[in-house]
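Novice: Quick one: this structure, given as structure tokens, is what I'll be asking you about.
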Amino acid sequence: GPQRVITFEDGSEIAAHSIVLATGVFYRALEAEGCSDLTGRGIYYGSASTEAQATQGEDVYIVGGANSAGQAAVFFSRHARSVTLLVRGKDLGHSMSHYLIEQINAIDNITVRLRTTVLEAHGTEHLEGITLCEQDGGRTEQVTCGHVFVFIGAAPHTDWLDGTVAR
């Protein structure tokens with residue numbers, strides 16, 4: 001029929017024409033050494049306008065190569081002294097919209113580092129720096145920074161629906 005019915009564990013039911021399940025996501029974690037210890041203390045998943053003030057005049061690093069990372073780079077370029085976009089891939093065109101790539105290229109304080117990953121995060125109470133690794137040749141470099149924003153994707157929290165709902 002036209003209705004969908006959800007039956008709860010206690011036997012009660014709700015019928016509706018449509019049902020939205022907001023199951024949330026698991027953010028993919030940056031696997032670099034030290035990152036989990038500094039999450040929320042310099043390493044952030046996603047970005048928030050509340051962090052913009054803290055980045056005023058600072059060097060900011062953004063990990064990721066898709067639209068959300070590019071949009072964050074543009075946003076933080078208005079506040080930070082510099083923004084470095086760390087991209088694992090060999091180009092932005094594979095995962096970022098053309099208009100956004102053009103916008104990033106036009107902003108003087110944004111640098112894009114391709115084929116570069118975070119190897120390690122350093123700091124005690126707050127992030128103090130990161131070690132970068134260039135995939136071409138394996139050269140490493142330690143940079144000073146207090147803010148890293150990570151945009152490496154998320155996985156939907158829907159495993160519990162397997163076999164019950166098509167997903």
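Numbering starts fresh at 1 for the residues of each chain in the structure tokens, the chains themselves are lettered A, B, ... in the order given, and ligands are numbered from 1 as they appear.
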Would you list the contacts of Thr84 of chain A as a count of residues only, taking every protein, DNA or RNA residue within 9 Å and counting only C-alpha atoms, but skipping same-chain residues closer than 3 positions in sequence?
Specialist: 11
Novice: What's around Leu30 of chain A at 12 Å? Count only C-alpha atoms, leave out sequence neighbours fewer than 4 positions away in its own chain, and write the answer as a list in words.
Specialist: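 These residues fall inside the cut-off: Gly34, Cys35, Ser36, Asp37, Leu38, Thr39, Ile43, Tyr44, Tyr45, Ile62, Val63, Gly64, Arg88, Thr117, Val118, Leu119, Glu120, Ala121, Val148, Phe149, Val150, Phe151, Ile152, Gly153 and Ala154 of chain A.
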Novice: Using only C-alpha atoms for the distances, tell me which of A:Glu33, A:Asp108, A:Val25, A:Leu114 is nearest to Gly65 of chain A.
Specialist: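 Closest residue, counting only C-alpha atoms: A:Leu114.
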Novice: From a DSSP pass on the backbone, collect the residues of segment 14-67 of chain A flagged as strand (DSSP E or B) and hand them back as a PyMOL selection string.
Specialist: chain A and resi 14-16+25-27+33+39+43-45+59-63
Novice: Taking only C-alpha atoms into account, which of A:Leu21, A:Arg4, A:Cys145, A:Ser77 comes nearest Ala106 of chain A?
Specialist: A:Ser77
Novice: Do you know which residues are at most 6 Å from segment 123-140 of chain A counting only C-alpha atoms, after dropping those on the same chain fewer than 6 positions away, and could you put them as a list in words?
Specialist: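 Here the answer would be Arg41, Gly42, Arg115, Thr116, Thr117 and Gly146 of chain A.
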Novice: Using only C-alpha atoms, find the one residue out of A:Ala69, A:Val20, A:Ile6, A:Val143 that sits nearest to Ser97 of chain A.
Specialist: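 So, comparing all the options, the nearest one is A:Ala69.
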Novice: For the helix (DSSP H, G or I) assignment from backbone DSSP, which residues of segment 29-61 of chain A qualify? Please present them as JSON, numbers by chain.
Specialist: {"A": [35, 36, 37, 38, 49, 50, 51, 52, 53, 54, 55]}
Novice: Find the spatial neighbours of Phe75 of chain A, counting only C-alpha atoms, within a cut-off of 10 Å - ignore same-chain residues fewer than 6 positions away - and output them as a CSV table (one decimal) with N, CA and C atoms, in the first residue's frame.
Specialist:
chain,number,residue,atom,x,y,z
A,47,SER,N,34.9,21.8,9.3
A,47,SER,CA,35.3,23.1,9.8
A,47,SER,C,34.1,23.9,10.3
A,48,ALA,N,34.3,24.8,11.1
A,48,ALA,CA,33.2,25.6,11.7
A,48,ALA,C,33.6,27.1,11.7
A,49,SER,N,32.6,27.9,11.5
A,49,SER,CA,32.9,29.3,11.5
A,49,SER,C,33.5,29.8,12.8
A,52,ALA,N,37.3,30.1,12.8
A,52,ALA,CA,37.9,31.2,11.9
A,52,ALA,C,38.7,32.2,12.7
A,69,ALA,N,36.7,20.2,1.0
A,69,ALA,CA,38.1,20.7,1.4
A,69,ALA,C,38.3,22.0,0.6
A,83,VAL,N,46.9,29.3,3.7
A,83,VAL,CA,46.1,28.0,3.7
A,83,VAL,C,46.8,27.1,2.7
Novice: So, with only C-alpha atoms as the atoms that count, which of A:Ala32, A:Leu85, A:Ala15, A:Ala22 lies closest to Pro156 of chain A?
Specialist: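 Once distances to Pro156 of chain A are computed over only C-alpha atoms, the minimum belongs to A:Ala22.
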Novice: By how many Å are atom CA of Thr164 of chain A and atom CA of Arg28 of chain A apart?
Specialist: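 About the pair atom CA of Thr164 of chain A and atom CA of Arg28 of chain A: they are 25.2 Å apart.
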Novice: Hey, what's within 8 Å of Val74 of chain A if we count only C-alpha atoms and toss same-chain stuff fewer than 6 positions away? As a list in words, please?
Specialist: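 Returned residues: Gln103, Ile104, Ile107 and Ile110 of chain A.
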Novice: Of the residues A:Phe8, A:His122, A:Tyr27, A:Glu13, which is the one nearest to Thr144 of chain A, using only C-alpha atoms?
Specialist: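 The answer is A:His122, which sits nearest to Thr144 of chain A.
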